[in-house]
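my_file.pdb (PDB, C-alpha atoms) appears below.
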```pdb
ATOM      1  CA  LEU A 128     118.601 -28.553 137.496
ATOM      2  CA  ALA A 129     117.973 -24.814 137.175
ATOM      3  CA  GLN A 130     121.277 -24.086 138.894
ATOM      4  CA  ALA A 131     123.114 -26.459 136.534
ATOM      5  CA  VAL A 132     121.607 -24.758 133.481
ATOM      6  CA  ALA A 133     122.585 -21.361 134.887
ATOM      7  CA  VAL A 134     126.196 -22.501 135.269
ATOM      8  CA  LEU A 135     126.286 -23.824 131.707
ATOM      9  CA  GLN A 136     125.038 -20.478 130.433
ATOM     10  CA  LEU A 137     127.731 -18.437 132.183
ATOM     11  CA  PRO A 138     129.584 -16.179 129.729
ATOM     12  CA  LEU A 139     133.270 -16.876 129.209
ATOM     13  CA  SER A 140     134.207 -13.687 131.031
ATOM     14  CA  ALA A 141     132.479 -15.054 134.165
ATOM     15  CA  ALA A 142     134.085 -18.466 134.004
ATOM     16  CA  MET A 143     134.482 -20.322 137.286
ATOM     17  CA  GLU A 144     138.085 -21.129 138.125
ATOM     18  CA  VAL A 145     139.683 -24.517 138.733
ATOM     19  CA  LEU A 146     142.827 -24.953 140.856
ATOM     20  CA  THR A 147     145.098 -27.957 140.295
ATOM     21  CA  LEU A 148     147.202 -29.570 143.037
ATOM     22  CA  GLN A 149     149.989 -32.005 142.146
ATOM     23  CA  LEU A 150     151.642 -33.901 144.995
ATOM     24  CA  GLY A 151     154.502 -36.276 144.296
ATOM     25  CA  ALA A 152     156.940 -37.197 141.547
ATOM     26  CA  PHE A 153     154.602 -39.387 139.487
ATOM     27  CA  ALA A 154     151.708 -36.950 139.951
ATOM     28  CA  ASN A 155     153.963 -34.239 138.540
ATOM     29  CA  HIS A 156     154.934 -36.602 135.698
ATOM     30  CA  VAL A 157     151.250 -36.912 134.775
ATOM     31  CA  GLY A 158     150.718 -33.189 135.299
ATOM     32  CA  ALA A 159     153.665 -32.276 133.080
ATOM     33  CA  HIS A 160     152.044 -34.062 130.141
ATOM     34  CA  PHE A 161     148.691 -32.422 130.915
ATOM     35  CA  TRP A 162     150.149 -28.899 130.973
ATOM     36  CA  ASN A 163     152.141 -29.613 127.807
ATOM     37  CA  PHE A 164     148.867 -30.513 126.077
ATOM     38  CA  GLU A 165     147.337 -27.303 127.423
ATOM     39  CA  ASP A 166     150.234 -25.342 125.963
ATOM     40  CA  GLU A 167     149.764 -27.022 122.557
ATOM     41  CA  LEU A 168     146.017 -26.303 122.605
ATOM     42  CA  ALA A 169     146.724 -22.658 123.394
ATOM     43  CA  ALA A 170     149.100 -22.486 120.435
ATOM     44  CA  CYS A 171     146.440 -23.995 118.174
ATOM     45  CA  GLU A 172     143.864 -21.506 119.419
ATOM     46  CA  THR A 173     146.210 -18.598 118.808
ATOM     47  CA  SER A 174     147.142 -19.788 115.318
ATOM     48  CA  VAL A 175     143.528 -19.667 114.121
ATOM     49  CA  SER A 176     142.902 -16.241 115.630
ATOM     50  CA  ALA A 177     144.489 -12.895 114.808
ATOM     51  CA  PRO A 178     148.309 -12.887 114.875
ATOM     52  CA  SER A 179     148.291 -10.313 117.635
ATOM     53  CA  CYS A 180     146.167 -12.466 119.930
ATOM     54  CA  SER A 181     147.694 -14.026 123.011
ATOM     55  CA  ARG A 182     146.240 -16.900 125.007
ATOM     56  CA  ASP A 183     143.068 -14.906 125.633
ATOM     57  CA  SER A 184     140.318 -17.492 125.795
ATOM     58  CA  ASN A 185     137.530 -15.133 124.719
ATOM     59  CA  THR A 186     139.271 -14.013 121.510
ATOM     60  CA  ALA A 187     140.545 -17.452 120.621
ATOM     61  CA  ASN A 188     137.225 -19.149 121.211
ATOM     62  CA  ALA A 189     135.398 -16.596 119.103
ATOM     63  CA  SER A 190     137.605 -17.450 116.135
ATOM     64  CA  ALA A 191     137.920 -21.193 116.580
ATOM     65  CA  GLY A 192     134.447 -21.863 117.870
ATOM     66  CA  VAL A 193     135.571 -24.916 119.840
ATOM     67  CA  GLY A 194     134.581 -23.627 123.280
ATOM     68  CA  LEU A 195     137.943 -23.990 125.044
ATOM     69  CA  ASP A 196     138.096 -21.652 128.007
ATOM     70  CA  PHE A 197     141.672 -21.226 129.263
ATOM     71  CA  ALA A 198     140.569 -18.775 131.957
ATOM     72  CA  ARG A 199     139.311 -21.690 134.053
ATOM     73  CA  LEU A 200     142.736 -23.283 134.445
ATOM     74  CA  HIS A 201     144.908 -20.182 133.929
ATOM     75  CA  CYS A 202     145.099 -16.736 135.487
ATOM     76  CA  GLU A 203     146.001 -13.577 133.601
ATOM     77  CA  VAL A 204     148.982 -11.648 134.955
ATOM     78  CA  GLU A 205     150.209  -8.265 133.731
ATOM     79  CA  HIS A 206     153.804  -7.263 134.419
ATOM     80  CA  GLY A 207     155.611  -4.362 132.823
ATOM     81  CA  GLY A 208     152.855  -3.868 130.260
ATOM     82  CA  THR A 209     153.063  -7.511 129.124
ATOM     83  CA  VAL A 210     150.143  -9.861 129.711
ATOM     84  CA  THR A 211     150.939 -13.518 130.363
ATOM     85  CA  TRP A 212     148.890 -16.549 131.340
ATOM     86  CA  ARG A 213     149.970 -18.710 134.243
ATOM     87  CA  PRO A 214     148.443 -22.033 135.300
ATOM     88  CA  ARG A 215     146.353 -22.143 138.449
ATOM     89  CA  LEU A 216     148.673 -24.723 139.917
ATOM     90  CA  VAL A 217     150.451 -25.720 143.107
ATOM     91  CA  LEU A 218     152.868 -28.632 142.812
ATOM     92  CA  VAL A 219     154.864 -30.311 145.554
ATOM     93  CA  ASP A 220     157.844 -32.628 145.280
ATOM     94  CA  LYS A 221     160.979 -33.585 147.173
ATOM     95  CA  ARG A 222     163.812 -31.131 147.469
ATOM     96  CA  GLY A 223     166.046 -31.375 144.416
ATOM     97  CA  ALA A 224     163.367 -32.843 142.148
ATOM     98  CA  LEU A 225     163.369 -29.773 139.899
ATOM     99  CA  GLY A 226     166.846 -30.601 138.656
ATOM    100  CA  GLY A 227     168.158 -27.846 136.400
ATOM    101  CA  VAL A 228     164.896 -25.922 136.122
ATOM    102  CA  ARG A 229     165.143 -22.252 137.106
ATOM    103  CA  LEU A 230     162.005 -20.654 138.520
ATOM    104  CA  ALA A 231     160.858 -17.802 136.281
ATOM    105  CA  ASN A 232     160.716 -15.193 139.053
ATOM    106  CA  SER A 233     163.282 -16.548 141.472
ATOM    107  CA  SER A 234     164.621 -13.232 142.702
ATOM    108  CA  LEU A 235     165.195 -13.857 146.406
ATOM    109  CA  PRO A 236     168.815 -14.722 147.262
ATOM    110  CA  GLU A 237     169.538 -17.940 149.108
ATOM    111  CA  PRO A 238     170.470 -17.496 152.773
ATOM    112  CA  GLU A 239     174.185 -17.456 153.479
ATOM    113  CA  PRO A 240     175.278 -20.442 155.622
ATOM    114  CA  GLU A 241     177.690 -18.210 157.531
ATOM    115  CA  LEU A 242     174.848 -15.948 158.633
ATOM    116  CA  MET A 243     172.637 -18.888 159.577
ATOM    117  CA  LEU A 244     175.312 -20.440 161.801
ATOM    118  CA  ALA A 245     176.718 -17.217 163.247
ATOM    119  CA  ASN A 246     174.834 -17.578 166.510
ATOM    120  CA  ALA A 247     175.436 -21.317 166.910
ATOM    121  CA  TRP A 248     179.135 -21.724 166.109
ATOM    122  CA  ASP A 249     182.168 -19.730 167.213
ATOM    123  CA  TYR A 250     184.885 -21.363 165.104
ATOM    124  CA  GLY A 251     184.107 -20.131 161.617
ATOM    125  CA  THR A 252     182.576 -21.962 158.677
ATOM    126  CA  VAL A 253     183.695 -23.273 155.309
ATOM    127  CA  THR A 254     181.201 -23.348 152.431
ATOM    128  CA  HIS A 255     181.361 -26.145 149.869
ATOM    129  CA  CYS A 256     179.217 -25.334 146.830
ATOM    130  CA  ALA A 257     178.044 -28.148 144.581
ATOM    131  CA  GLU A 258     177.796 -27.562 140.868
ATOM    132  CA  ARG A 259     174.348 -26.603 139.632
ATOM    133  CA  VAL A 260     172.431 -29.295 137.835
ATOM    134  CA  PRO A 261     172.587 -28.506 134.093
ATOM    135  CA  GLN A 262     169.362 -27.863 132.229
ATOM    136  CA  HIS A 263     168.067 -30.467 129.818
ATOM    137  CA  HIS A 264     168.684 -29.567 126.155
ATOM    138  CA  PHE A 265     164.917 -29.479 125.580
ATOM    139  CA  VAL A 266     164.463 -26.847 128.303
ATOM    140  CA  GLU A 267     167.420 -24.864 126.982
ATOM    141  CA  ASP A 268     165.872 -24.790 123.505
ATOM    142  CA  LEU A 269     162.557 -23.640 124.965
ATOM    143  CA  ASP A 270     164.361 -20.716 126.591
ATOM    144  CA  ARG A 271     166.062 -19.856 123.282
ATOM    145  CA  GLU A 272     162.728 -20.000 121.489
ATOM    146  CA  GLU A 273     161.138 -17.689 124.053
ATOM    147  CA  PHE A 274     163.877 -15.097 123.582
ATOM    148  CA  GLY A 275     163.847 -15.416 119.784
ATOM    149  CA  ASP A 276     167.148 -17.245 119.317
ATOM    150  CA  ALA A 277     165.734 -19.598 116.692
ATOM    151  CA  ASN A 278     169.036 -19.948 114.889
ATOM    152  CA  GLU A 279     170.754 -21.241 118.015
ATOM    153  CA  MET A 280     168.039 -23.860 118.461
ATOM    154  CA  ALA A 281     169.105 -25.537 115.257
ATOM    155  CA  ILE A 282     172.740 -25.815 116.318
ATOM    156  CA  GLU A 283     173.884 -28.734 118.389
ATOM    157  CA  GLU A 284     177.351 -29.431 119.664
ATOM    158  CA  SER A 285     178.265 -33.027 118.932
ATOM    159  CA  GLY A 286     180.773 -35.109 120.834
ATOM    160  CA  THR A 287     183.472 -34.218 118.315
ATOM    161  CA  GLY A 288     183.079 -30.510 119.005
ATOM    162  CA  LYS A 289     181.589 -29.813 115.563
ATOM    163  CA  ALA A 290     178.327 -27.910 115.166
ATOM    164  CA  THR A 291     175.591 -29.876 113.439
ATOM    165  CA  GLN A 292     172.206 -28.645 112.250
ATOM    166  CA  THR A 293     169.048 -30.733 112.407
ATOM    167  CA  VAL A 294     166.878 -31.285 109.361
ATOM    168  CA  GLY A 295     164.549 -28.360 108.763
ATOM    169  CA  GLY A 296     166.009 -26.461 111.728
ATOM    170  CA  PHE A 297     163.757 -28.246 114.278
ATOM    171  CA  LYS A 298     164.684 -31.032 116.655
ATOM    172  CA  THR A 299     162.479 -34.068 117.215
ATOM    173  CA  SER A 300     162.075 -36.397 120.180
ATOM    174  CA  VAL A 301     164.650 -38.647 118.550
ATOM    175  CA  ASP A 302     167.202 -35.832 118.643
ATOM    176  CA  TYR A 303     166.572 -35.213 122.338
ATOM    177  CA  ASN A 304     166.561 -38.962 123.169
ATOM    178  CA  PHE A 305     164.190 -38.445 126.090
ATOM    179  CA  ARG A 306     164.230 -42.103 127.155
ATOM    180  CA  GLU A 307     167.929 -41.897 127.955
ATOM    181  CA  THR A 308     168.393 -38.259 128.997
ATOM    182  CA  VAL A 309     165.337 -37.387 131.127
ATOM    183  CA  ARG A 310     166.112 -37.263 134.847
ATOM    184  CA  SER A 311     162.730 -36.074 136.132
ATOM    185  CA  TRP A 312     159.402 -34.674 134.966
ATOM    186  CA  ALA A 313     160.900 -31.156 135.020
ATOM    187  CA  ASP A 314     163.133 -32.010 132.035
ATOM    188  CA  TYR A 315     160.213 -32.046 129.571
ATOM    189  CA  LEU A 316     157.776 -29.572 131.128
ATOM    190  CA  LYS A 317     157.097 -26.782 128.624
ATOM    191  CA  ILE A 318     155.404 -24.190 130.823
ATOM    192  CA  PRO A 319     157.625 -21.888 132.920
ATOM    193  CA  LEU A 320     157.302 -22.458 136.654
ATOM    194  CA  GLN A 321     156.837 -19.611 139.123
ATOM    195  CA  GLU A 322     157.709 -19.470 142.801
ATOM    196  CA  ALA A 323     153.977 -19.234 143.502
ATOM    197  CA  ASN A 324     153.455 -22.643 141.862
ATOM    198  CA  VAL A 325     156.182 -24.756 143.459
ATOM    199  CA  HIS A 326     157.183 -26.071 146.853
ATOM    200  CA  GLU A 327     160.037 -28.479 147.477
ATOM    201  CA  LEU A 328     159.781 -30.335 150.782
ATOM    202  CA  HIS A 329     162.514 -29.175 153.139
ATOM    203  CA  SER A 330     162.306 -32.395 155.151
ATOM    204  CA  CYS A 331     162.773 -34.776 152.195
ATOM    205  CA  ARG A 332     165.530 -34.700 149.603
ATOM    206  CA  GLU A 333     165.303 -36.505 146.266
ATOM    207  CA  GLY A 334     167.318 -39.723 146.296
ATOM    208  CA  VAL A 335     168.177 -39.427 150.006
ATOM    209  CA  ASP A 336     165.072 -39.608 152.207
ATOM    210  CA  PRO A 337     162.724 -42.559 151.608
ATOM    211  CA  PHE A 338     159.340 -40.909 152.359
ATOM    212  CA  ALA A 339     157.852 -44.320 151.605
ATOM    213  CA  SER A 340     154.557 -44.638 153.491
ATOM    214  CA  PHE A 341     151.255 -42.824 153.891
ATOM    215  CA  PHE A 342     152.097 -42.044 157.514
ATOM    216  CA  ASP A 343     155.379 -40.348 156.549
ATOM    217  CA  GLY A 344     153.274 -37.757 154.763
ATOM    218  CA  ARG A 345     150.910 -37.402 157.707
ATOM    219  CA  LEU A 346     153.901 -36.541 159.901
ATOM    220  CA  LEU A 347     154.301 -33.289 157.941
ATOM    221  CA  ARG A 348     151.191 -31.931 159.647
ATOM    222  CA  GLY A 349     152.128 -28.911 161.738
ATOM    223  CA  THR A 350     155.541 -28.483 160.095
ATOM    224  CA  GLY A 351     156.941 -25.669 157.992
ATOM    225  CA  ASP A 352     156.259 -27.693 154.830
ATOM    226  CA  GLU A 353     152.541 -27.811 155.563
ATOM    227  CA  GLU A 354     152.457 -24.082 156.333
ATOM    228  CA  ALA A 355     154.316 -23.213 153.118
ATOM    229  CA  VAL A 356     152.066 -25.340 150.891
ATOM    230  CA  LEU A 357     148.853 -24.074 152.479
ATOM    231  CA  ASP A 358     150.112 -20.506 152.027
ATOM    232  CA  LEU A 359     150.640 -21.139 148.288
ATOM    233  CA  VAL A 360     147.161 -22.642 147.981
ATOM    234  CA  ARG A 361     145.651 -19.733 149.910
ATOM    235  CA  LYS A 362     147.277 -17.237 147.535
ATOM    236  CA  GLN A 363     145.840 -19.145 144.563
ATOM    237  CA  PHE A 364     142.400 -18.950 146.167
ATOM    238  CA  GLU A 365     142.778 -15.168 146.390
ATOM    239  CA  THR A 366     143.249 -14.913 142.605
ATOM    240  CA  CYS A 367     139.901 -16.646 141.979
ATOM    241  CA  ASP A 368     136.643 -14.729 141.737
ATOM    242  CA  GLN A 369     134.442 -17.812 141.800
ATOM    243  CA  LEU A 370     136.285 -21.048 142.579
ATOM    244  CA  ASP A 371     134.550 -24.023 140.992
ATOM    245  CA  ALA A 372     136.797 -26.960 141.929
ATOM    246  CA  VAL A 373     140.150 -28.064 143.278
ATOM    247  CA  HIS A 374     141.556 -30.914 141.195
ATOM    248  CA  THR A 375     144.144 -33.014 143.026
ATOM    249  CA  VAL A 376     146.594 -35.493 141.506
ATOM    250  CA  ALA A 377     148.618 -37.295 144.184
ATOM    251  CA  ASP A 378     150.947 -40.261 144.458
ATOM    252  CA  MET A 379     149.313 -43.213 146.175
ATOM    253  CA  HIS A 380     152.435 -45.344 146.700
ATOM    254  CA  ASP A 381     154.488 -43.067 148.986
ATOM    255  CA  GLY A 382     154.241 -40.343 151.617
ATOM    256  CA  PHE A 383     152.606 -37.861 149.268
ATOM    257  CA  GLY A 384     149.338 -39.752 149.724
ATOM    258  CA  GLY A 385     149.417 -38.863 153.423
ATOM    259  CA  PHE A 386     150.446 -35.290 152.727
ATOM    260  CA  ALA A 387     147.575 -34.974 150.237
ATOM    261  CA  ASP A 388     145.232 -36.002 153.056
ATOM    262  CA  VAL A 389     146.626 -33.188 155.216
ATOM    263  CA  VAL A 390     146.238 -30.575 152.481
ATOM    264  CA  LEU A 391     142.766 -31.675 151.362
ATOM    265  CA  ARG A 392     141.367 -31.600 154.892
ATOM    266  CA  TRP A 393     142.372 -27.940 155.054
ATOM    267  CA  VAL A 394     140.923 -27.260 151.571
ATOM    268  CA  CYS A 395     137.634 -28.855 152.675
ATOM    269  CA  GLU A 396     137.445 -26.444 155.607
ATOM    270  CA  GLU A 397     138.403 -23.371 153.578
ATOM    271  CA  GLN A 398     136.295 -24.088 150.464
ATOM    272  CA  PRO A 399     133.434 -26.375 151.538
ATOM    273  CA  LYS A 400     131.271 -25.628 148.486
ATOM    274  CA  CYS A 401     133.752 -26.301 145.669
ATOM    275  CA  GLY A 402     134.223 -29.654 143.973
ATOM    276  CA  ARG A 403     137.216 -31.744 145.055
ATOM    277  CA  PRO A 404     137.933 -34.598 142.623
ATOM    278  CA  VAL A 405     141.049 -36.564 143.623
ATOM    279  CA  PHE A 406     143.119 -38.743 141.284
ATOM    280  CA  HIS A 407     145.590 -41.084 142.976
ATOM    281  CA  VAL A 408     148.308 -42.302 140.619
ATOM    282  CA  ARG A 409     151.302 -44.630 140.757
ATOM    283  CA  PRO A 410     153.907 -45.915 138.303
ATOM    284  CA  PRO A 411     152.892 -49.013 136.313
TER     285      PRO A 411
END
```
Please render this file's structure as structure tokens.
Amino acid sequence: LAQAVAVLQLPLSAAMEVLTLQLGAFANHVGAHFWNFEDELAACETSVSAPSCSRDSNTANASAGVGLDFARLHCEVEHGGTVTWRPRLVLVDKRGALGGVRLANSSLPEPEPELMLANAWDYGTVTHCAERVPQHHFVEDLDREEFGDANEMAIEESGTGKATQTVGGFKTSVDYNFRETVRSWADYLKIPLQEANVHELHSCREGVDPFASFFDGRLLRGTGDEEAVLDLVRKQFETCDQLDAVHTVADMHDGFGGFADVVLRWVCEEQPKCGRPVFHVRPP
């Protein structure tokens, strides 16, 4: 009881961190809504504090008095004199599930097929490049808003080629028609994704490989996919001063349930004292 009281009395600056793992398409669907709510709460916190305040939990909480501590679920990153908040998150999905989303710091060039096959083929290669998946209009407008192009957000090209402006200059869910236009959870995720947050399974491609059973996920043990995911989780651990818990949301109806078992066994060995609540989800 004394230890519990001591934890409750920790100052905000000494908050214990929480890492979130999302494994599978439906788990990422649930997580996308969660992080969108987090983004809205951060905006509300900032609006009641000084205009110059960012998503600094200490400043925002002092003004709002609601006790929301974003430092538990987010880490503060400074780059080029600008301070940003990034979610403590590692998400995993099939290759191609991100659709048109561009990772915020994707700076490494993709390997050239000619170089990869140079030592295995003596008859030359021909590269066929598929068109990039276009971004959803919602994601495009988020990018325009981030870079201050508010006027462009209000302009929409209709099927007749004429520019139309929405009422009040802001689009609604009706304008985006999410029910008909959303291809995956990445089409309505508001937070920018980083390379340190995402891994797409190299052995499973969206819409091609079934990855249907628990044991399909268990077969990823000892592969490059397991090594890559554990490396991302390990790097997230290194950003935490005092890890409190690892929250896991995983699909229970496909191979991601088995892969979650592989990852969580490693987490249990690496962080035996932290909490490990697991939420298994599936489509209705």
Determine the residue set returned by the PyMOL selection byres ((chain A and resi 370) around 6) for the present structure, and present it as a short mmCIF file (atom, residue, chain, number, x, y, z; two decimals) with C-alpha atoms, keeping the file's coordinate frame.
```cif
data_model
loop_
_atom_site.label_atom_id
_atom_site.label_comp_id
_atom_site.auth_asym_id
_atom_site.auth_seq_id
_atom_site.Cartn_x
_atom_site.Cartn_y
_atom_site.Cartn_z
CA MET A 143 134.48 -20.32 137.29
CA GLU A 144 138.08 -21.13 138.12
CA CYS A 367 139.90 -16.65 141.98
CA GLN A 369 134.44 -17.81 141.80
CA ASP A 371 134.55 -24.02 140.99
CA ALA A 372 136.80 -26.96 141.93
#
```
message: Report, in Å to a single decimal, how far apart CA of Met379 in chain A and CA of Phe341 in chain A are.
response: 8.0 Å
task: Skip Val390 in chain A itself and residues of its chain fewer than 4 positions away, then list as a PyMOL selection string all residues within 12 Å of it, counting only C-alpha atoms.
output: chain A and resi 148-150+217-219+344-345+347-349+352-361+373+375+377+383-386+394-397+403+405
- request: Kindly give the distance, in Å, that separates CA of Val301 in chain A and CA of Asp268 in chain A, rounded to a single decimal.
  value: 14.8 Å
query: Could you state the separation of CA of Asp368 in chain A and CA of Val145 in chain A in Å, given to one decimal place?
result: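 Between CA of Asp368 in chain A and CA of Val145 in chain A the gap works out to 10.7 Å.
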task: Excluding Leu200 in chain A and any residue of its chain fewer than 6 positions from it, enumerate the residues within 10 Å of it, using all atoms listed in the file, and give them as a list of chain:residue names.
output: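 Skipping anything fewer than 6 positions along the chain leaves A:Ala142, A:Met143, A:Glu144, A:Val145, A:Leu146, A:Thr147, A:Trp162, A:Glu165, A:Trp212, A:Arg213, A:Pro214, A:Arg215, A:Leu216.
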message: Can you tell me which residues surround Phe338 in chain A at a distance of at most 10 Å, considering only C-alpha atoms, apart from same-chain residues fewer than 5 positions away, and format the answer as a ChimeraX atom specification?
response: /A:221,330-333,343-344,380-383
task: Write out as a ChimeraX atom specification which residues come within 10 Å of Ala224 in chain A when counting all atoms listed in the file, dropping same-chain ones fewer than 3 positions away.
output: /A:151-152,219-221,227-228,310-313,327-328,332-334
